[in-house]
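Shown below: data_12.txt, with compact mmCIF, C-alpha atoms and all ligand atoms.
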```txt
# COMPACT_ATOMS: atom_id res chain seq x y z
CA MET B 1 111.66 86.73 183.35
CA GLN B 2 110.95 90.41 183.22
CA ASN B 3 114.02 90.92 181.02
CA LYS B 4 112.87 88.08 178.74
CA LYS B 5 109.48 89.76 178.43
CA LYS B 6 111.16 93.07 177.70
CA ALA B 7 113.32 91.57 174.97
CA GLY B 8 110.35 90.00 173.16
CA LYS B 9 108.11 93.02 173.58
CA THR B 10 107.87 95.72 170.96
CA SER B 11 106.91 99.14 172.20
CA ARG B 12 104.13 101.06 170.46
CA ARG B 13 106.68 103.69 169.40
CA SER B 14 109.14 101.21 167.88
CA PHE B 15 106.32 99.27 166.21
CA LEU B 16 105.06 102.41 164.51
CA GLY B 17 108.62 103.27 163.50
CA GLN B 18 109.16 99.85 161.96
CA ALA B 19 105.79 99.92 160.25
CA LEU B 20 106.49 103.32 158.73
CA THR B 21 109.89 102.17 157.52
CA VAL B 22 108.35 99.12 155.83
CA ALA B 23 105.56 101.22 154.36
CA GLY B 24 108.11 103.73 153.13
CA THR B 25 110.02 100.99 151.39
CA ALA B 26 106.81 99.66 149.87
CA ILE B 27 105.87 103.12 148.59
CA ALA B 28 109.33 103.89 147.30
CA ALA B 29 109.81 100.49 145.71
CA PRO B 30 107.42 100.89 142.75
CA SER B 31 108.83 104.29 141.85
CA LEU B 32 112.36 102.93 142.01
CA VAL B 33 111.30 99.98 139.87
CA ASN B 34 109.60 102.35 137.41
CA GLN B 35 112.69 104.51 137.17
CA ALA B 36 114.85 101.48 136.61
CA THR B 37 112.48 100.15 133.94
CA ALA B 38 112.28 103.54 132.20
CA ALA B 39 116.05 103.82 132.16
CA LYS B 40 116.30 100.31 130.78
CA ASP B 41 113.69 101.09 128.11
CA THR B 42 115.55 104.21 127.08
CA VAL B 43 118.75 102.32 126.70
CA GLN B 44 117.05 99.52 124.78
CA GLY B 45 115.15 102.06 122.62
CA SER B 46 118.23 103.96 121.52
CA GLU B 47 120.10 100.71 120.97
CA GLY B 48 117.22 99.35 118.93
CA GLU B 49 116.78 102.33 116.63
CA MET B 50 117.24 101.92 112.92
CA ASN B 51 118.51 104.41 110.41
CA VAL B 52 115.86 104.84 107.75
CA THR B 53 115.49 107.04 104.70
CA LEU B 54 111.93 107.76 103.67
CA LYS B 55 110.84 109.54 100.50
CA ILE B 56 107.98 111.79 101.52
CA ASN B 57 106.35 114.29 99.17
CA GLY B 58 109.38 114.08 96.91
CA GLU B 59 111.94 114.74 99.64
CA GLN B 60 114.34 112.25 101.22
CA LYS B 61 114.12 112.24 105.01
CA THR B 62 116.70 110.32 107.00
CA LEU B 63 116.03 109.58 110.65
CA ASN B 64 116.68 107.10 113.44
CA ILE B 65 113.53 105.37 114.60
CA GLU B 66 112.56 102.29 116.51
CA PRO B 67 111.18 99.55 114.27
CA ARG B 68 107.90 99.56 116.21
CA VAL B 69 107.00 103.18 115.32
CA THR B 70 104.09 103.60 112.93
CA LEU B 71 104.30 105.70 109.80
CA LEU B 72 101.59 107.98 111.22
CA ASP B 73 103.58 108.75 114.38
CA THR B 74 106.71 109.25 112.32
CA LEU B 75 104.97 111.73 110.05
CA ARG B 76 103.33 113.66 112.85
CA ASP B 77 105.81 113.47 115.72
CA ARG B 78 109.16 113.20 113.99
CA LEU B 79 108.69 115.05 110.71
CA GLY B 80 106.10 117.67 111.68
CA LEU B 81 103.70 116.58 108.93
CA GLU B 82 100.53 116.85 110.97
CA GLY B 83 98.09 116.90 108.08
CA SER B 84 97.53 113.15 108.43
CA LYS B 85 95.25 112.79 111.41
CA LYS B 86 95.09 110.25 114.21
CA GLY B 87 91.45 109.34 114.69
CA CYS B 88 91.25 105.81 116.06
CA ASP B 89 94.85 104.60 115.67
CA HIS B 90 93.32 101.18 114.98
CA GLY B 91 92.60 101.11 111.25
CA GLN B 92 88.94 101.92 111.64
CA CYS B 93 88.37 105.54 110.62
CA GLY B 94 90.67 106.39 107.70
CA ALA B 95 91.74 109.79 109.09
CA CYS B 96 95.40 108.77 108.71
CA THR B 97 95.15 107.71 105.04
CA VAL B 98 98.23 108.49 102.92
CA LEU B 99 99.40 107.31 99.52
CA ILE B 100 102.25 104.83 99.26
CA ASP B 101 103.34 104.09 95.70
CA GLY B 102 99.95 105.47 94.67
CA GLN B 103 97.95 103.10 96.87
CA ARG B 104 95.91 104.35 99.81
CA VAL B 105 97.21 103.06 103.12
CA TYR B 106 96.19 103.62 106.74
CA SER B 107 99.43 105.07 108.10
CA CYS B 108 98.48 104.07 111.66
CA LEU B 109 98.66 100.42 110.62
CA THR B 110 102.00 100.36 108.90
CA LEU B 111 105.48 100.69 110.33
CA ALA B 112 107.70 103.47 109.07
CA VAL B 113 110.73 101.19 108.66
CA MET B 114 108.76 99.12 106.13
CA GLN B 115 108.40 102.08 103.77
CA GLU B 116 112.02 102.61 102.83
CA GLY B 117 112.39 103.00 99.05
CA ARG B 118 108.71 103.74 98.54
CA GLU B 119 107.05 106.94 97.43
CA ILE B 120 104.97 108.37 100.25
CA VAL B 121 102.56 111.22 99.56
CA THR B 122 100.65 112.94 102.33
CA ILE B 123 98.03 115.67 102.14
CA GLU B 124 100.86 118.22 102.31
CA GLY B 125 102.30 116.88 99.06
CA LEU B 126 99.20 116.97 96.85
CA ALA B 127 99.14 120.63 95.85
CA LYS B 128 101.63 121.97 93.34
CA GLY B 129 102.79 125.20 94.94
CA ASP B 130 99.73 127.42 95.24
CA THR B 131 97.69 125.25 92.90
CA LEU B 132 95.47 122.80 94.71
CA HIS B 133 95.12 119.22 93.55
CA PRO B 134 91.80 118.91 91.62
CA VAL B 135 90.40 116.72 94.42
CA GLN B 136 91.29 119.36 97.03
CA ALA B 137 89.60 122.03 94.90
CA ALA B 138 86.54 119.81 94.45
CA PHE B 139 86.20 119.34 98.21
CA ILE B 140 86.15 123.11 98.63
CA ASP B 141 83.73 123.64 95.74
CA ASN B 142 81.28 121.08 97.12
CA ASP B 143 81.52 121.69 100.86
CA GLY B 144 83.05 118.26 101.34
CA PHE B 145 83.92 118.94 104.97
CA GLN B 146 82.79 120.58 108.16
CA CYS B 147 85.31 120.36 111.00
CA GLY B 148 87.94 119.09 108.54
CA TYR B 149 89.44 116.43 110.80
CA CYS B 150 88.73 113.55 108.44
CA THR B 151 89.36 115.62 105.30
CA PRO B 152 93.08 114.90 104.66
CA GLY B 153 92.30 111.18 104.77
CA GLN B 154 89.17 111.58 102.65
CA ILE B 155 91.09 113.54 100.02
CA CYS B 156 94.01 111.08 99.86
CA ALA B 157 91.54 108.18 99.64
CA SER B 158 89.62 109.97 96.87
CA VAL B 159 92.81 110.57 94.88
CA ALA B 160 93.58 106.85 95.09
CA LEU B 161 89.96 105.94 94.33
CA LEU B 162 90.00 107.88 91.06
CA ASP B 163 93.26 106.23 90.07
CA GLU B 164 91.83 102.80 90.90
CA VAL B 165 88.85 103.47 88.62
CA LYS B 166 91.20 104.60 85.82
CA ARG B 167 93.09 101.33 86.22
CA GLY B 168 89.84 99.35 85.92
CA CYS B 169 89.62 98.14 89.52
CA ALA B 170 86.24 96.76 90.57
CA SER B 171 84.60 97.26 93.96
CA SER B 172 82.59 94.79 95.99
CA ILE B 173 79.37 96.17 94.50
CA THR B 174 80.50 96.29 90.87
CA PRO B 175 77.83 94.19 89.14
CA ASP B 176 79.96 92.96 86.26
CA LEU B 177 83.61 92.38 87.08
CA THR B 178 84.51 92.17 83.41
CA THR B 179 83.32 95.73 82.81
CA PRO B 180 84.20 97.86 85.84
CA PRO B 181 82.86 101.43 85.75
CA GLN B 182 84.76 104.27 84.12
CA LEU B 183 85.13 107.70 85.68
CA ALA B 184 82.29 109.10 83.58
CA ASP B 185 79.76 106.52 84.78
CA LEU B 186 81.00 105.94 88.32
CA SER B 187 77.77 105.83 90.30
CA GLU B 188 77.07 107.45 93.64
CA ALA B 189 76.73 103.98 95.16
CA GLU B 190 80.18 103.02 93.83
CA ILE B 191 81.74 106.16 95.28
CA LYS B 192 80.15 105.52 98.68
CA GLU B 193 81.29 101.91 98.69
CA ARG B 194 84.83 102.79 97.61
CA LEU B 195 85.10 105.45 100.31
CA SER B 196 83.51 103.34 103.03
CA GLY B 197 86.86 103.00 104.80
CA ASN B 198 86.87 106.70 105.60
CA LEU B 199 84.44 107.90 108.22
CA CYS B 200 83.25 111.45 108.76
CA ARG B 201 81.81 112.20 112.17
CA CYS B 202 80.38 115.47 110.86
CA SER B 203 78.56 113.41 108.24
CA ALA B 204 79.62 115.61 105.33
CA TYR B 205 79.09 112.64 103.04
CA ASN B 206 76.89 114.40 100.45
CA GLY B 207 79.59 116.98 99.84
CA ILE B 208 82.32 114.34 99.77
CA VAL B 209 80.49 112.27 97.14
CA ALA B 210 79.79 115.42 95.10
CA ALA B 211 83.49 116.34 95.29
CA VAL B 212 84.51 112.94 93.94
CA GLN B 213 81.92 113.26 91.17
CA GLN B 214 83.38 116.63 90.19
CA ALA B 215 86.95 115.31 90.28
CA ALA B 216 85.82 112.37 88.14
CA GLY B 217 84.65 114.80 85.49
CA GLN B 218 80.97 114.36 86.25
CA LYS B 219 78.53 117.12 87.00
CA PRO B 220 77.93 116.99 90.74
CA PRO B 221 74.47 117.86 92.00
CA SER B 222 74.11 121.50 92.93
CA PRO B 223 74.37 121.92 96.71
CA ALA B 224 71.25 124.06 96.39
CA ALA B 225 69.36 121.00 95.12
CA ASN B 226 69.64 119.45 98.58
CA VAL B 227 67.97 122.38 100.26
CA MET B 228 64.27 121.91 100.17
CA VAL B 229 62.62 125.23 100.73
CA SER B 230 58.89 125.43 100.60
CA GLU B 231 57.13 128.73 100.73
CA PRO B 232 54.12 128.76 102.99
CA LYS B 233 50.94 128.81 100.93
CA GLU B 234 48.99 131.96 101.15
CA THR B 235 45.59 131.39 102.59
CA PRO B 236 42.82 133.32 100.85
CA VAL B 237 41.28 135.90 103.10
S1 LIG B 301 93.74 106.70 112.70
FE1 LIG B 301 94.31 105.25 111.21
S2 LIG B 301 92.43 104.35 110.62
FE2 LIG B 301 91.88 105.70 112.25
S1 LIG B 302 84.43 116.98 108.42
FE1 LIG B 302 84.39 116.64 110.55
S2 LIG B 302 84.84 114.53 110.73
FE2 LIG B 302 84.58 114.82 108.62
```
Just dump the structure as structure tokens.
Amino acid sequence: MQNKKKAGKTSRRSFLGQALTVAGTAIAAPSLVNQATAAKDTVQGSEGEMNVTLKINGEQKTLNIEPRVTLLDTLRDRLGLEGSKKGCDHGQCGACTVLIDGQRVYSCLTLAVMQEGREIVTIEGLAKGDTLHPVQAAFIDNDGFQCGYCTPGQICASVALLDEVKRGCASSITPDLTTPPQLADLSEAEIKERLSGNLCRCSAYNGIVAAVQQAAGQKPPSPAANVMVSEPKETPV
């Protein structure tokens, strides 16, 4: 009877030992599972890569990438073109805007493998040597930026905007679709509407609109005109 009791009884020491062993397994298990999953992912990732040739700023770039990689990540992480910025990564801010076949595109919303055979231009490809693109120069002339984070996207979008106007594209606020505005009479409201997909957290919008006006061949308002200085009136003694 005593032996029976002894056989069924677990000592405090052996119980703790068993408990620790089980706990150890439980703790180790997730990390083992994670390692196994990571290894599996790596294998699947390299197996699933595609060989792609992209034409970026006039140069052919050949690389192996997974089909799920965005153009923005490819530009920044694989090709070292970090001018295009990642703001939201969700198609909401425009910081990643680039030109594809002349059209403005959010590079965070398009896959790199889809762009084979197309002409991609990023902010790095706009200047001709030391000569800035007229839109880049206009942004500098009109203080179209503060921190500069949104600026590459704003400039690429503005380049496309001007081309859209030249091609006679209307916007959602164009009053008469049969006579869309020309560059010379593109209103401030039209510019704001057409750039509404590009946000600036520094709120440099006045300078951005003025820059587009200058690049459109209009006379932008003098930055000094926005500064309202009033001299205190002298009070007669
Ligand atoms: S990062 Fe692409 S739209 Fe914001
Ligand atoms: S200049 Fe800072 S976000 Fe636009």
- Message: I'd like the neighbourhood of Ser196 (chain B) as JSON, numbers by chain, where a residue qualifies if any of its atoms comes within 12 Å (using only C-alpha atoms), though same-chain residues fewer than 3 positions away should be ignored.
- Response: {"B": [92, 93, 94, 153, 154, 157, 158, 161, 171, 172, 173, 189, 190, 191, 192, 193, 199, 200, 205, 208, 209]}
ask   = Of the residues B:Cys202, B:Leu111, B:Leu132, B:Val165, which is the one nearest to ligand LIG 302 (chain B), using only C-alpha atoms and all ligand atoms?
value =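 Ranked by minimum distance to ligand LIG 302 (chain B), first place goes to B:Cys202.
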Which residue out of B:Arg78, B:Arg201, B:Arg68, B:His133 has the minimum interatomic distance to ligand LIG 301 (chain B) when all atoms listed in the file are used?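 Going through B:Arg78, B:Arg201, B:Arg68, B:His133 one by one, the smallest distance to ligand LIG 301 (chain B) is for B:Arg201.
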Wanna dump the chain B-ligand LIG 301 (chain B) contacts at 10 Å for me, each residue with its shortest atom pair and the distance in Å to one decimal, counting all atoms listed in the file, ordered by chain and number, as a Markdown table?
```
| residue | atom | partner | partner_atom | distance |
| --- | --- | --- | --- | --- |
| B:Leu72 | CA | B:LIG301 | FE1 | 7.8 |
| B:Ser84 | CA | B:LIG301 | S1 | 8.6 |
| B:Lys85 | CA | B:LIG301 | S1 | 6.4 |
| B:Lys86 | CA | B:LIG301 | S1 | 4.1 |
| B:Gly87 | CA | B:LIG301 | S1 | 4.0 |
| B:Cys88 | CA | B:LIG301 | FE2 | 3.9 |
| B:Asp89 | CA | B:LIG301 | S1 | 3.8 |
| B:His90 | CA | B:LIG301 | S2 | 5.5 |
| B:Gly91 | CA | B:LIG301 | S2 | 3.3 |
| B:Gln92 | CA | B:LIG301 | S2 | 4.4 |
| B:Cys93 | CA | B:LIG301 | FE2 | 3.9 |
| B:Gly94 | CA | B:LIG301 | S2 | 4.0 |
| B:Ala95 | CA | B:LIG301 | S1 | 5.2 |
| B:Cys96 | CA | B:LIG301 | FE1 | 4.5 |
| B:Thr97 | CA | B:LIG301 | FE1 | 6.7 |
| B:Val98 | CA | B:LIG301 | FE1 | 9.7 |
| B:Val105 | CA | B:LIG301 | FE1 | 8.9 |
| B:Tyr106 | CA | B:LIG301 | FE1 | 5.1 |
| B:Ser107 | CA | B:LIG301 | FE1 | 6.0 |
| B:Cys108 | CA | B:LIG301 | FE1 | 4.4 |
| B:Leu109 | CA | B:LIG301 | FE1 | 6.5 |
| B:Thr110 | CA | B:LIG301 | FE1 | 9.4 |
| B:Cys150 | CA | B:LIG301 | FE2 | 9.3 |
| B:Gly153 | CA | B:LIG301 | FE1 | 9.0 |
| B:Gly197 | CA | B:LIG301 | S2 | 8.2 |
| B:Asn198 | CA | B:LIG301 | S2 | 7.9 |
| B:Leu199 | CA | B:LIG301 | FE2 | 8.7 |
```
Of B:Leu99, B:Ala112, B:Leu126, B:Val159, the one sitting nearest Lys61 (chain B) when using all atoms listed in the file is B:Ala112
Of B:Leu195, B:Leu162, B:Cys147, B:Ala215, the one nearest to ligand LIG 302 (chain B) when counting all atoms listed in the file is B:Cys147
**Message:** Counting only C-alpha atoms and all ligand atoms, which residue out of B:Ser203, B:Thr70, B:Thr179, B:Thr122 sits closest to ligand LIG 302 (chain B)?
**Reply:**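 The shortest atom-to-atom distance to ligand LIG 302 (chain B) comes from B:Ser203.
The space between CA of Ile123 (chain B) and CA of Gly207 (chain B) spans 18.6 Å.
Shortest atom-to-atom contact with ligand LIG 302 (chain B) among B:Thr53, B:Thr74, B:Thr62, B:Gln146: B:Gln146, counting all atoms listed in the file.
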Pairwise distance for CA of Arg76 (chain B) and CA of Lys55 (chain B), rounded to one decimal in Å: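 Taking CA of Arg76 (chain B) as the start and CA of Lys55 (chain B) as the end point, the length is 15.0 Å.
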For CA of Pro180 (chain B) and CA of Phe139 (chain B), determine how far apart the two atoms are, in Å to one decimal place.
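Distance reported for this atom pair: 24.9 Å.
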What are the centre and the three edge lengths of an axis-aligned box that wraps all atoms of region 68-73 of chain B in the file, given that 6 Å is added to every side, written as lines of an AutoDock Vina configuration file and rounded to one decimal in Å?
```
center_x = 104.7
center_y = 104.2
center_z = 113.0
size_x = 18.3
size_y = 21.2
size_z = 18.4
```
task: For a cut-off of 12 Å around (78.4, 108.1, 82.6), file coordinates, pick out all residues using only C-alpha atoms and list them as an MDAnalysis selection string.
output: chainID B and resid 181:188 213 216:219
List every protein, DNA or RNA residue that has at least one atom no more than 9 Å from (98.9, 107.5, 87.5) in the file's coordinates, counting all atoms listed in the file, and write the result as a list in words. Gly102, Asp163, Lys166 and Arg167 of chain B
